[in-house]
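S.K.: Below you'll find data-v3.cif; it's mmCIF, C-alpha atoms.
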```cif
data_protein
#
loop_
_atom_site.label_atom_id
_atom_site.label_comp_id
_atom_site.auth_asym_id
_atom_site.auth_seq_id
_atom_site.Cartn_x
_atom_site.Cartn_y
_atom_site.Cartn_z
CA MET A 1 1.06 55.05 4.32
CA THR A 2 3.94 54.61 6.71
CA LYS A 3 7.44 53.65 5.62
CA MET A 4 7.11 50.33 7.48
CA LYS A 5 3.99 49.35 5.58
CA ARG A 6 5.55 50.28 2.25
CA LYS A 7 8.50 48.07 3.12
CA SER A 8 6.18 45.21 4.03
CA ARG A 9 4.25 45.59 0.77
CA PHE A 10 7.50 45.66 -1.18
CA PHE A 11 8.53 42.34 0.34
CA THR A 12 5.09 40.90 -0.30
CA PHE A 13 5.22 41.71 -3.98
CA THR A 14 8.86 40.67 -4.35
CA LEU A 15 8.23 37.32 -2.73
CA GLY A 16 5.07 36.89 -4.75
CA PHE A 17 6.91 37.49 -7.99
CA ILE A 18 9.66 35.08 -6.97
CA LEU A 19 7.18 32.32 -6.15
CA ILE A 20 5.11 32.90 -9.28
CA GLY A 21 8.32 33.08 -11.32
CA ILE A 22 9.47 29.78 -9.91
CA SER A 23 6.19 28.08 -10.65
CA PHE A 24 6.22 29.32 -14.25
CA SER A 25 9.83 29.20 -15.34
CA GLY A 26 11.42 26.37 -13.40
CA CYS A 27 9.07 23.49 -14.04
CA GLU A 28 9.93 20.83 -16.57
CA TYR A 29 8.38 17.45 -17.22
CA GLU A 30 11.16 15.06 -18.22
CA PHE A 31 11.17 11.30 -17.92
CA ILE A 32 14.66 9.96 -17.38
CA GLU A 33 15.82 7.73 -20.22
CA PHE A 34 18.75 5.41 -19.79
CA ASP A 35 21.06 4.05 -22.43
CA ASP A 36 19.94 0.41 -22.45
CA THR A 37 22.48 -0.89 -24.93
CA PRO A 38 24.32 -3.82 -23.29
CA ILE A 39 27.90 -3.28 -22.11
CA THR A 40 30.25 -5.19 -24.39
CA THR A 41 33.56 -3.68 -23.28
CA GLU A 42 35.50 -5.11 -20.37
CA VAL A 43 34.38 -3.71 -17.01
CA SER A 44 37.23 -2.96 -14.61
CA PHE A 45 36.68 -3.48 -10.89
CA LYS A 46 39.26 -0.86 -10.02
CA ASN A 47 38.23 1.78 -12.57
CA ASP A 48 34.48 1.20 -12.93
CA ILE A 49 33.13 -0.51 -9.82
CA VAL A 50 35.19 0.96 -6.97
CA PRO A 51 34.24 4.56 -7.97
CA ILE A 52 30.58 3.54 -7.57
CA PHE A 53 31.28 2.32 -4.05
CA ASN A 54 33.23 5.50 -3.28
CA ALA A 55 30.37 7.70 -4.51
CA SER A 56 27.42 5.86 -3.03
CA CYS A 57 28.35 3.23 -0.44
CA GLY A 58 31.58 3.70 1.51
CA PHE A 59 30.38 6.42 3.88
CA SER A 60 30.75 6.34 7.65
CA GLY A 61 27.67 4.69 9.08
CA CYS A 62 27.18 2.74 5.84
CA HIS A 63 29.83 0.47 4.29
CA ALA A 64 32.97 2.24 5.52
CA ALA A 65 35.70 0.42 7.44
CA GLY A 66 34.32 -0.88 10.72
CA ALA A 67 30.71 -0.09 9.80
CA ILE A 68 28.11 -2.34 8.19
CA PRO A 69 29.55 -5.28 6.20
CA PRO A 70 30.54 -5.63 3.43
CA GLU A 71 33.32 -3.05 3.69
CA LEU A 72 33.29 -1.18 0.39
CA THR A 73 36.47 0.84 0.74
CA SER A 74 38.90 0.89 -2.20
CA GLU A 75 41.37 -1.31 -0.34
CA ARG A 76 39.07 -4.07 0.90
CA ALA A 77 35.93 -4.00 -1.26
CA TYR A 78 36.78 -7.01 -3.46
CA GLN A 79 37.83 -9.28 -0.60
CA SER A 80 34.90 -8.17 1.56
CA LEU A 81 32.30 -8.80 -1.17
CA PHE A 82 33.41 -12.42 -1.54
CA SER A 83 33.97 -13.13 2.16
CA ASN A 84 30.42 -11.93 2.80
CA ASN A 85 29.02 -14.07 -0.08
CA MET A 86 27.71 -10.99 -1.87
CA VAL A 87 28.85 -12.05 -5.34
CA THR A 88 28.50 -15.26 -7.37
CA ALA A 89 30.67 -14.90 -10.48
CA ASN A 90 28.73 -14.95 -13.77
CA GLU A 91 25.39 -15.04 -11.93
CA PRO A 92 24.04 -11.56 -11.16
CA ALA A 93 20.62 -12.96 -10.20
CA ASN A 94 22.31 -14.98 -7.45
CA SER A 95 24.52 -12.12 -6.30
CA LEU A 96 23.22 -10.14 -3.36
CA LEU A 97 25.30 -7.17 -4.46
CA TYR A 98 23.30 -6.96 -7.68
CA THR A 99 19.84 -7.89 -6.38
CA SER A 100 20.03 -5.45 -3.49
CA ILE A 101 20.84 -2.48 -5.74
CA ALA A 102 18.61 -3.57 -8.63
CA SER A 103 15.45 -4.18 -6.64
CA GLY A 104 16.27 -4.44 -2.94
CA SER A 105 16.94 -2.14 -0.04
CA MET A 106 19.96 -0.46 -1.67
CA LYS A 107 18.08 0.52 -4.84
CA LYS A 108 17.56 4.07 -3.60
CA TYR A 109 21.33 4.56 -3.30
CA SER A 110 22.18 3.52 -6.84
CA THR A 111 21.44 4.68 -10.35
CA ALA A 112 20.40 2.58 -13.34
CA GLU A 113 23.78 3.22 -14.94
CA GLN A 114 25.63 1.96 -11.86
CA THR A 115 23.39 -1.10 -11.65
CA LYS A 116 24.11 -1.91 -15.29
CA LEU A 117 27.86 -1.69 -14.74
CA ILE A 118 27.77 -3.97 -11.71
CA ARG A 119 25.63 -6.50 -13.60
CA ALA A 120 28.11 -6.50 -16.49
CA TRP A 121 31.06 -6.90 -14.11
CA ILE A 122 29.47 -9.96 -12.48
CA GLU A 123 28.50 -11.42 -15.89
CA GLN A 124 32.12 -11.04 -17.01
CA GLY A 125 33.29 -13.17 -14.09
CA ALA A 126 33.57 -10.62 -11.25
CA LEU A 127 37.31 -10.26 -11.78
CA ASN A 128 39.65 -8.28 -9.55
CA ASN A 129 40.92 -6.36 -12.58
CA MET B 1 0.79 19.12 -21.41
CA ARG B 2 -2.81 19.54 -20.22
CA ASN B 3 -1.70 18.63 -16.71
CA ASN B 4 1.19 21.05 -16.93
CA THR B 5 -1.17 23.90 -17.84
CA PHE B 6 -3.58 22.88 -15.10
CA ILE B 7 -0.86 22.88 -12.45
CA LYS B 8 0.51 26.24 -13.52
CA ALA B 9 -2.95 27.76 -13.63
CA PHE B 10 -3.73 26.36 -10.17
CA THR B 11 -0.48 27.63 -8.70
CA PHE B 12 -0.93 31.04 -10.26
CA LEU B 13 -4.50 31.37 -8.99
CA ALA B 14 -3.61 30.19 -5.49
CA LEU B 15 -0.65 32.55 -5.20
CA SER B 16 -2.56 35.46 -6.73
CA LEU B 17 -5.41 34.94 -4.29
CA LEU B 18 -3.10 34.78 -1.31
CA PHE B 19 -1.16 37.89 -2.24
CA SER B 20 -4.35 39.76 -3.05
CA LEU B 21 -5.66 38.87 0.39
CA GLN B 22 -2.44 40.05 1.95
CA VAL B 23 -2.54 43.40 0.16
CA MET B 24 -6.21 43.83 1.06
CA SER B 25 -5.56 43.06 4.69
CA GLN B 26 -2.73 45.58 4.72
CA GLU B 27 -4.92 48.25 3.17
CA GLU B 28 -7.60 47.54 5.72
CA ALA B 29 -5.02 47.71 8.44
CA THR B 30 -4.12 51.26 7.44
CA GLU B 31 -7.58 52.34 8.53
CA GLU B 32 -7.33 50.64 11.93
CA LYS B 33 -5.32 52.70 14.34
CA PRO B 34 -4.79 50.20 17.18
CA VAL B 35 -2.76 47.26 15.92
CA ALA B 36 -3.96 43.92 17.29
CA ARG B 37 -1.33 42.10 19.32
CA PRO B 38 -0.16 38.91 17.68
CA SER B 39 -0.74 35.72 19.62
CA ARG B 40 2.20 33.62 20.80
CA PRO B 41 3.46 31.16 18.16
CA ALA B 42 1.43 27.99 17.68
CA PHE B 43 4.60 25.88 17.82
CA GLU B 44 7.87 26.32 19.67
CA SER B 45 10.11 26.04 16.62
CA GLY B 46 9.89 26.33 12.86
CA LEU B 47 10.13 22.55 12.59
CA LEU B 48 7.63 19.80 13.29
CA PHE B 49 9.53 16.57 12.46
CA ASP B 50 10.08 16.86 8.67
CA ASN B 51 7.51 19.63 8.29
CA ALA B 52 7.64 23.37 8.71
CA THR B 53 5.34 25.21 11.09
CA THR B 54 4.07 28.77 10.87
CA THR B 55 6.57 29.80 13.55
CA ILE B 56 9.19 32.25 12.32
CA GLN B 57 11.79 33.44 14.79
CA ALA B 58 12.22 37.13 15.53
CA GLN B 59 13.89 39.38 12.97
CA LYS B 60 17.69 38.95 12.71
CA THR B 61 17.66 35.53 14.36
CA LEU B 62 19.82 32.73 12.99
CA GLU B 63 18.52 29.21 13.54
CA MET B 64 20.83 26.21 13.19
CA ILE B 65 19.11 22.91 12.50
CA ILE B 66 20.33 19.33 12.83
CA GLN B 67 17.91 16.63 11.67
CA HIS B 68 18.90 12.99 12.07
CA ARG B 69 16.96 9.91 10.95
CA PHE B 70 18.16 6.44 11.88
CA GLY B 71 17.33 3.42 9.74
CA THR B 72 14.05 1.55 10.07
CA MET B 73 13.56 -0.92 12.90
CA ASP B 74 12.61 -3.83 10.60
CA ASN B 75 15.84 -5.72 11.26
CA GLY B 76 15.37 -5.73 15.01
CA ILE B 77 18.30 -6.26 17.32
CA SER B 78 20.68 -7.19 14.45
CA ASP B 79 21.19 -3.49 13.71
CA LEU B 80 19.99 -2.25 17.09
CA TYR B 81 16.57 -1.27 15.77
CA GLY B 82 17.95 0.92 13.02
CA ILE B 83 20.56 2.77 15.07
CA TRP B 84 23.42 0.95 13.29
CA ALA B 85 21.65 1.08 9.92
CA PRO B 86 22.40 3.70 7.25
CA SER B 87 21.05 6.98 8.52
CA ASN B 88 20.13 10.28 6.96
CA ILE B 89 21.10 13.70 8.25
CA ARG B 90 20.39 17.28 7.29
CA LEU B 91 22.22 20.39 8.46
CA GLY B 92 20.44 23.69 7.91
CA LEU B 93 20.63 27.38 8.64
CA ASN B 94 17.59 29.64 8.67
CA TYR B 95 17.72 33.40 8.99
CA SER B 96 14.79 35.66 9.78
CA ILE B 97 15.06 38.73 7.58
CA LEU B 98 11.83 40.11 9.00
CA ASN B 99 9.54 38.97 11.77
CA ASN B 100 7.44 37.30 9.10
CA LEU B 101 10.04 36.33 6.49
CA MET B 102 12.62 33.58 6.79
CA VAL B 103 15.13 32.23 4.30
CA GLY B 104 17.17 29.09 4.75
CA ILE B 105 19.68 26.73 3.23
CA GLY B 106 20.45 23.12 3.98
CA THR B 107 22.30 20.03 2.91
CA THR B 108 21.08 16.44 3.24
CA LYS B 109 23.00 13.18 3.02
CA PHE B 110 20.56 11.16 0.91
CA ASN B 111 20.92 12.03 -2.77
CA LYS B 112 23.27 14.84 -1.64
CA MET B 113 20.26 17.14 -1.69
CA GLN B 114 20.93 20.85 -1.32
CA ASP B 115 17.94 23.04 -0.50
CA ILE B 116 16.90 26.65 -0.42
CA GLN B 117 13.87 27.55 1.66
CA VAL B 118 11.63 30.59 2.02
CA LYS B 119 8.83 30.96 4.55
CA TYR B 120 6.60 33.99 4.70
CA ASN B 121 3.76 34.62 7.12
CA ILE B 122 0.96 36.41 5.31
CA LEU B 123 -1.44 36.38 8.26
CA GLN B 124 -0.66 36.30 11.97
CA GLN B 125 -3.14 35.05 14.55
CA THR B 126 -4.03 37.77 17.04
CA ARG B 127 -4.75 37.55 20.75
CA SER B 128 -8.09 39.26 20.24
CA ASN B 129 -9.01 36.61 17.65
CA SER B 130 -9.66 39.27 15.01
CA VAL B 131 -7.36 37.04 12.92
CA PRO B 132 -8.08 33.49 14.06
CA VAL B 133 -5.21 31.69 12.30
CA THR B 134 -1.63 32.15 11.18
CA VAL B 135 -1.06 31.50 7.48
CA SER B 136 2.38 30.87 5.97
CA LEU B 137 3.64 30.33 2.46
CA TYR B 138 6.50 27.88 2.40
CA GLU B 139 8.70 27.01 -0.56
CA VAL B 140 11.56 24.51 -0.70
CA ILE B 141 13.73 24.25 -3.81
CA GLY B 142 15.76 21.06 -3.84
CA ILE B 143 18.90 20.43 -5.91
CA ASP B 144 19.88 16.77 -6.20
CA GLY B 145 23.67 16.42 -6.06
CA SER B 146 23.81 12.80 -7.26
CA ALA B 147 26.08 11.72 -10.11
CA GLU B 148 25.00 12.80 -13.60
CA SER B 149 24.43 9.17 -14.55
CA LYS B 150 21.32 9.14 -12.33
CA TYR B 151 19.62 11.28 -14.97
CA GLY B 152 20.31 9.09 -17.96
CA LYS B 153 21.41 10.04 -21.42
CA ASN B 154 19.57 13.36 -21.76
CA TYR B 155 20.97 15.01 -18.64
CA THR B 156 20.59 18.73 -18.04
CA PHE B 157 21.09 20.61 -14.76
CA ASN B 158 17.37 21.36 -14.52
CA ASN B 159 16.75 17.62 -14.09
CA ARG B 160 18.11 18.00 -10.56
CA LEU B 161 15.54 20.55 -9.42
CA SER B 162 12.46 19.85 -7.36
CA TYR B 163 9.95 22.21 -5.80
CA PHE B 164 7.78 21.95 -2.73
CA SER B 165 5.14 24.65 -2.25
CA GLN B 166 2.91 24.68 0.79
CA ILE B 167 0.30 26.83 2.48
CA ILE B 168 0.44 26.27 6.24
CA ILE B 169 -2.56 27.28 8.35
CA SER B 170 -2.15 27.01 12.10
CA ARG B 171 -4.11 27.96 15.15
CA ARG B 172 -3.01 28.19 18.74
CA PHE B 173 -6.22 27.25 20.53
CA ASN B 174 -4.79 27.84 23.99
CA ASP B 175 -1.49 27.52 25.84
CA MET B 176 -1.77 23.76 25.71
CA PHE B 177 -3.13 22.91 22.29
CA SER B 178 -2.14 23.97 18.75
CA LEU B 179 -3.05 22.51 15.40
CA GLN B 180 -2.02 23.07 11.80
CA ILE B 181 -3.14 21.89 8.39
CA ALA B 182 -1.01 22.33 5.29
CA PRO B 183 -1.94 21.48 1.71
CA SER B 184 1.10 21.20 -0.53
CA PHE B 185 2.18 20.72 -4.12
CA THR B 186 5.41 18.94 -5.08
CA HIS B 187 7.01 19.00 -8.50
CA TYR B 188 10.06 17.10 -9.77
CA ASN B 189 11.57 18.21 -13.07
CA ALA B 190 12.75 14.70 -13.89
CA THR B 191 11.46 11.34 -12.68
CA GLU B 192 11.82 7.74 -13.71
CA HIS B 193 8.79 6.26 -15.42
CA PRO B 194 6.18 5.66 -13.98
CA VAL B 195 6.61 8.20 -11.16
CA ASP B 196 4.48 11.31 -11.70
CA HIS B 197 6.21 14.69 -11.74
CA ASP B 198 3.49 16.31 -9.62
CA ARG B 199 1.98 15.36 -6.30
CA PHE B 200 -0.57 17.11 -4.14
CA ALA B 201 -0.53 16.24 -0.46
CA ILE B 202 -2.07 17.34 2.78
CA SER B 203 -0.28 17.51 6.10
CA VAL B 204 -1.70 17.85 9.58
CA GLY B 205 0.17 18.43 12.80
CA GLY B 206 -0.51 19.18 16.41
CA ARG B 207 1.03 19.91 19.76
CA ILE B 208 -0.18 19.17 23.26
CA LYS B 209 1.89 20.95 25.87
CA VAL B 210 2.28 18.88 29.00
CA SER B 211 4.71 21.04 30.99
CA PRO B 212 6.34 24.47 30.52
CA GLN B 213 9.10 22.92 28.43
CA SER B 214 7.67 19.64 27.15
CA SER B 215 5.06 18.78 24.55
CA ILE B 216 3.69 15.75 22.81
CA ILE B 217 3.84 16.44 19.08
CA LEU B 218 2.39 14.53 16.17
CA SER B 219 1.98 14.93 12.46
CA GLY B 220 0.91 13.13 9.32
CA ASP B 221 1.74 13.82 5.68
CA PHE B 222 -0.69 12.25 3.25
CA PRO B 223 0.24 12.23 -0.46
CA LEU B 224 -2.89 12.27 -2.60
CA GLY B 225 -3.34 10.09 -5.67
CA ILE B 226 -5.34 12.37 -7.97
CA GLN B 227 -5.90 10.55 -11.22
CA SER B 228 -6.92 13.68 -13.17
CA ILE B 229 -3.42 15.20 -12.82
CA SER B 230 -1.53 11.94 -13.21
CA GLU B 231 0.55 11.28 -16.33
CA HIS B 232 -0.20 7.56 -16.20
CA THR B 233 -3.25 5.38 -16.51
CA GLU B 234 -5.20 4.29 -13.47
CA ALA B 235 -4.03 0.70 -13.97
CA ILE B 236 -0.37 1.73 -13.82
CA ASN B 237 -0.96 3.94 -10.79
CA ASP B 238 -2.78 1.13 -9.01
CA GLU B 239 0.16 -1.15 -9.68
CA VAL B 240 2.91 1.29 -8.69
CA GLY B 241 1.10 3.09 -5.87
CA ILE B 242 2.05 6.44 -4.41
CA ALA B 243 4.33 7.39 -1.56
CA LYS B 244 3.26 6.15 1.85
CA PRO B 245 2.03 8.63 4.47
CA ASN B 246 4.67 9.92 6.84
CA ILE B 247 3.26 9.51 10.35
CA CYS B 248 5.26 10.87 13.28
CA ILE B 249 4.70 11.01 17.01
CA GLY B 250 7.21 12.33 19.48
CA TRP B 251 8.34 14.46 22.35
CA GLU B 252 9.44 18.08 22.16
CA ILE B 253 11.61 19.77 24.74
CA SER B 254 12.11 23.47 24.20
CA THR B 255 13.78 26.43 25.83
CA SER B 256 14.04 30.02 24.66
CA THR B 257 16.96 29.17 22.36
CA HIS B 258 16.67 25.42 21.77
CA ALA B 259 14.14 22.89 20.59
CA PHE B 260 14.72 19.16 20.70
CA HIS B 261 12.49 16.52 19.11
CA VAL B 262 12.84 12.79 19.63
CA TYR B 263 10.24 10.77 17.84
CA ILE B 264 9.13 7.71 15.95
CA GLY B 265 8.21 8.24 12.32
CA SER B 266 8.13 6.50 9.00
CA ALA B 267 9.93 8.70 6.44
CA GLN B 268 13.71 8.90 6.27
CA ASN B 269 14.20 11.45 3.52
CA ILE B 270 13.83 14.65 5.64
CA LEU B 271 13.13 17.07 2.77
CA PRO B 272 9.35 17.31 2.30
CA GLN B 273 9.34 16.82 -1.49
CA GLU B 274 11.36 13.63 -1.11
CA ASN B 275 8.93 12.29 1.49
CA MET B 276 5.84 13.19 -0.54
CA VAL B 277 7.04 11.40 -3.68
CA PHE B 278 9.43 8.65 -2.59
CA ASN B 279 8.58 7.47 0.93
CA LYS B 280 8.09 3.70 0.81
CA ASN B 281 7.99 3.12 4.58
CA ASP B 282 4.55 2.19 5.88
CA PHE B 283 4.12 3.23 9.51
CA PHE B 284 1.38 0.67 10.07
CA ASP B 285 3.50 -2.09 8.52
CA GLY B 286 6.24 -1.57 11.08
CA ASN B 287 8.59 0.46 8.86
CA ILE B 288 9.30 2.95 11.61
CA LEU B 289 12.47 4.72 12.63
CA ILE B 290 13.82 6.96 15.36
CA GLY B 291 14.31 10.62 14.43
CA LEU B 292 15.97 13.53 16.19
CA ASN B 293 15.74 17.26 15.53
CA ILE B 294 17.82 19.89 17.28
CA THR B 295 17.51 23.64 16.73
CA ARG B 296 19.61 26.40 18.23
CA LEU B 297 18.92 30.14 17.95
CA TRP B 298 21.26 33.10 17.90
CA GLY B 299 20.07 36.69 17.89
CA PHE B 300 21.99 39.42 16.05
#
```
Can the structure from this file be put into structure tokens for me?

M.R.:
Amino acid sequence: MTKMKRKSRFFTFTLGFILIGISFSGCEYEFIEFDDTPITTEVSFKNDIVPIFNASCGFSGCHAAGAIPPELTSERAYQSLFSNNMVTANEPANSLLYTSIASGSMKKYSTAEQTKLIRAWIEQGALNN
Amino acid sequence: MRNNTFIKAFTFLALSLLFSLQVMSQEEATEEKPVARPSRPAFESGLLFDNATTTIQAQKTLEMIIQHRFGTMDNGISDLYGIWAPSNIRLGLNYSILNNLMVGIGTTKFNKMQDIQVKYNILQQTRSNSVPVTVSLYEVIGIDGSAESKYGKNYTFNNRLSYFSQIIISRRFNDMFSLQIAPSFTHYNATEHPVDHDRFAISVGGRIKVSPQSSIILSGDFPLGIQSISEHTEAINDEVGIAKPNICIGWEISTSTHAFHVYIGSAQNILPQENMVFNKNDFFDGNILIGLNITRLWGF
């Protein structure tokens, strides 16, 4: 057997072991469980809500300055949410911010934990705190 | 648990069979003195929209990939048919270690997905037709970079991992026409109820070359709802449904070092496992978007 063919067989077996190893060792079957206890502490717009926008919304091409309204940058997010009628204080079901991330087109960009925080913030009066 | 065992057994058998075939074909090849010339690749690049093809660039070639998906056209002129809508992008690098072995890495905007890819050609179509098809094994390991809170209260790092395993079978029928079919298996370590962790799918793709540098390309990825491997009852699955097929049709322009795709398709996620499990866009319901792929090759 030539050196080239030995090399090819070596790669075949190595790759085979890697793929079989992946299929046996890496797979888990977990269902994600969220903490569904209601939020009773005060939710801060600055400390709890703005970080969500920074992590998931305020990118260029999305809700950054000059892109798609509302502008969800740290500086202008609060003003922009209200000027674009995205929030009705105390009424998450009538707030487009909440409905779009809970069940609408922005759902894929948010997590259940983030959705819960935004709901609680609106229920607590949507304060600029 | 029964499903888990079934999937592992299936994967093991499929991989064992393929590698046995490969070893056998190599042993047979040792007895044949004249080596059959491989045919030209069935596709110009290793990409066909969101899918991989059996094409692997020559040994020691680096391939840079830019994949861009605009938003869907549903909102019409208000967001310029998706061009102003939130878009997805993936940057990738593939390197051919051997003429039949490629490894790659990539990063995608949606879910901050990082991916590691391996593609290995176990059979190469020959010009004499002694081997009528090219067969590739393709594996994509995805790592979701989203915030920990996405995974709830029992978070572990393994929750982030997803696997896409595919066997790609292609044939270059002539200089003008190539076709491929690719059954695949997708696994997510962690999903939200009632999304299944496992999904079989079948992909088909083709190319019709219309000039030396231009081709019409099309593909379809069809996730399969197989009740026997589902973790949920038929009633729940009927209610929730599975991911929509990703249908794509477009134009390919290629040179010796570049390939460019511009097309209309329905999935925005780019990584195949994301499309097979989470694509909600229905091509026939008008949820279509414009996509672009650019590849550039460097030889070392």

S.K.: Suppose you want the space between CA of Met86 (chain A) and CA of Phe34 (chain A); what is it in Å?

M.R.: 25.9 Å

S.K.: Selection in question (the file shown): the PyMOL selection byres ((chain B and resi 37-41) around 8). Which residues does it include, as a PyMOL selection string?

M.R.: chain B and resi 35-36+42-44+54-55+124-128+172

S.K.: Which of these residues is nearest to Lys107 (chain A), using all atoms listed in the file: B:Arg171, B:His258, B:Arg296, B:Lys280?

M.R.: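 Among the listed residues, the smallest separation from Lys107 (chain A) belongs to B:Lys280.
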
S.K.: Just want the 9 Å neighbourhood of region 112-120 of chain A, counted on all atoms listed in the file, with same-chain residues fewer than 3 positions away dropped. Output as a PyMOL selection string.

M.R.: (chain A and resi 34-36+38-40+42-43+45+48-49+52+90-93+97-98+101-102+107+123-126) or (chain B and resi 149-152)

S.K.: Apply the PyMOL selection byres ((chain B and resi 75-79) around 12) to the displayed file and report the matching residues as a PDB file with C-alpha atoms, in the coordinates of the input.

M.R.:
```pdb
ATOM      1  CA  GLY A  61      27.670   4.690   9.080  1.00  0.00           C
ATOM      2  CA  CYS A  62      27.180   2.740   5.840  1.00  0.00           C
ATOM      3  CA  ALA A  67      30.710  -0.090   9.800  1.00  0.00           C
ATOM      4  CA  ILE A  68      28.110  -2.340   8.190  1.00  0.00           C
ATOM      5  CA  PRO A  69      29.550  -5.280   6.200  1.00  0.00           C
ATOM      6  CA  SER A 105      16.940  -2.140  -0.040  1.00  0.00           C
TER       7      SER A 105
ATOM      8  CA  PHE B  70      18.160   6.440  11.880  1.00  0.00           C
ATOM      9  CA  GLY B  71      17.330   3.420   9.740  1.00  0.00           C
ATOM     10  CA  THR B  72      14.050   1.550  10.070  1.00  0.00           C
ATOM     11  CA  MET B  73      13.560  -0.920  12.900  1.00  0.00           C
ATOM     12  CA  ASP B  74      12.610  -3.830  10.600  1.00  0.00           C
ATOM     13  CA  LEU B  80      19.990  -2.250  17.090  1.00  0.00           C
ATOM     14  CA  TYR B  81      16.570  -1.270  15.770  1.00  0.00           C
ATOM     15  CA  GLY B  82      17.950   0.920  13.020  1.00  0.00           C
ATOM     16  CA  ILE B  83      20.560   2.770  15.070  1.00  0.00           C
ATOM     17  CA  TRP B  84      23.420   0.950  13.290  1.00  0.00           C
ATOM     18  CA  ALA B  85      21.650   1.080   9.920  1.00  0.00           C
ATOM     19  CA  PRO B  86      22.400   3.700   7.250  1.00  0.00           C
ATOM     20  CA  SER B  87      21.050   6.980   8.520  1.00  0.00           C
ATOM     21  CA  GLY B 286       6.240  -1.570  11.080  1.00  0.00           C
ATOM     22  CA  ASN B 287       8.590   0.460   8.860  1.00  0.00           C
ATOM     23  CA  ILE B 288       9.300   2.950  11.610  1.00  0.00           C
ATOM     24  CA  LEU B 289      12.470   4.720  12.630  1.00  0.00           C
TER      25      LEU B 289
END
```

S.K.: Residues near Ile97 (chain B), anyone? I mean within 9 Å using all atoms listed in the file, not counting same-chain ones fewer than 2 positions away, as a PDB file with C-alpha atoms, keeping the file's coordinate frame.

M.R.:
```pdb
ATOM      1  CA  ALA B  58      12.220  37.130  15.530  1.00  0.00           C
ATOM      2  CA  GLN B  59      13.890  39.380  12.970  1.00  0.00           C
ATOM      3  CA  LYS B  60      17.690  38.950  12.710  1.00  0.00           C
ATOM      4  CA  THR B  61      17.660  35.530  14.360  1.00  0.00           C
ATOM      5  CA  TYR B  95      17.720  33.400   8.990  1.00  0.00           C
ATOM      6  CA  ASN B  99       9.540  38.970  11.770  1.00  0.00           C
ATOM      7  CA  ASN B 100       7.440  37.300   9.100  1.00  0.00           C
ATOM      8  CA  LEU B 101      10.040  36.330   6.490  1.00  0.00           C
ATOM      9  CA  MET B 102      12.620  33.580   6.790  1.00  0.00           C
ATOM     10  CA  VAL B 103      15.130  32.230   4.300  1.00  0.00           C
TER      11      VAL B 103
END
```

S.K.: Tell me, as a PyMOL selection string, which residues lie within 9 Å of Leu81 (chain A), counting all atoms listed in the file; anything in the same chain fewer than 4 positions away does not count.

M.R.: chain A and resi 69-72+76-77+85-87+97

S.K.: Find the residues near Arg90 (chain B): any atom within 7 Å, counting all atoms listed in the file, skip ones fewer than 4 places away on the same chain, and give them as a list in words.

M.R.: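 In the requested form, the answer reads Ile66, Gln67, His68, Gly106, Thr107, Thr108 and Lys109 of chain B.
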
S.K.: Would you compute the distance between CA of Pro132 (chain B) and CA of Thr53 (chain B)? Give it in Å to one decimal.

M.R.: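 Taking CA of Pro132 (chain B) and CA of Thr53 (chain B), their separation equals 16.0 Å.
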
S.K.: From the options B:Leu137, B:Ala182, B:Val204, B:Val131, which residue's atoms come nearest to chain A, counting only C-alpha atoms?

M.R.: B:Leu137

S.K.: Could you pull the residues within 12 Å of Ala55 (chain A), counting all atoms listed in the file, minus those fewer than 2 positions along the same chain, as a PyMOL selection string?

M.R.: (chain A and resi 48-53+57-59+62-64+72-74+109-111+114) or (chain B and resi 109-112+145-149)

S.K.: Between CA of Glu274 (chain B) and CA of Ile217 (chain B), what distance in Å does the model show, to one decimal?

M.R.: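 Taking CA of Glu274 (chain B) as the start and CA of Ile217 (chain B) as the end point, the length is 21.7 Å.
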
S.K.: For the file shown, what are the residues hit by the PyMOL selection byres ((chain B and resi 237) around 10), laid out as a PDB file with C-alpha atoms, keeping the file's coordinate frame?

M.R.:
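Written out: selection-v5.pdb:
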```
ATOM      1  CA  PRO B 194       6.180   5.660 -13.980  1.00  0.00           C
ATOM      2  CA  VAL B 195       6.610   8.200 -11.160  1.00  0.00           C
ATOM      3  CA  ASP B 196       4.480  11.310 -11.700  1.00  0.00           C
ATOM      4  CA  GLY B 225      -3.340  10.090  -5.670  1.00  0.00           C
ATOM      5  CA  ILE B 226      -5.340  12.370  -7.970  1.00  0.00           C
ATOM      6  CA  GLN B 227      -5.900  10.550 -11.220  1.00  0.00           C
ATOM      7  CA  SER B 230      -1.530  11.940 -13.210  1.00  0.00           C
ATOM      8  CA  GLU B 231       0.550  11.280 -16.330  1.00  0.00           C
ATOM      9  CA  HIS B 232      -0.200   7.560 -16.200  1.00  0.00           C
ATOM     10  CA  THR B 233      -3.250   5.380 -16.510  1.00  0.00           C
ATOM     11  CA  GLU B 234      -5.200   4.290 -13.470  1.00  0.00           C
ATOM     12  CA  ALA B 235      -4.030   0.700 -13.970  1.00  0.00           C
ATOM     13  CA  ILE B 236      -0.370   1.730 -13.820  1.00  0.00           C
ATOM     14  CA  ASP B 238      -2.780   1.130  -9.010  1.00  0.00           C
ATOM     15  CA  GLU B 239       0.160  -1.150  -9.680  1.00  0.00           C
ATOM     16  CA  VAL B 240       2.910   1.290  -8.690  1.00  0.00           C
ATOM     17  CA  GLY B 241       1.100   3.090  -5.870  1.00  0.00           C
ATOM     18  CA  ILE B 242       2.050   6.440  -4.410  1.00  0.00           C
TER      19      ILE B 242
END
```

S.K.: Of the residues B:Ser184, B:Ser214, B:Thr257, B:Asn246, which is the one nearest to Ala201 (chain B), using all atoms listed in the file?

M.R.: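 Closest residue, counting all atoms listed in the file: B:Ser184.
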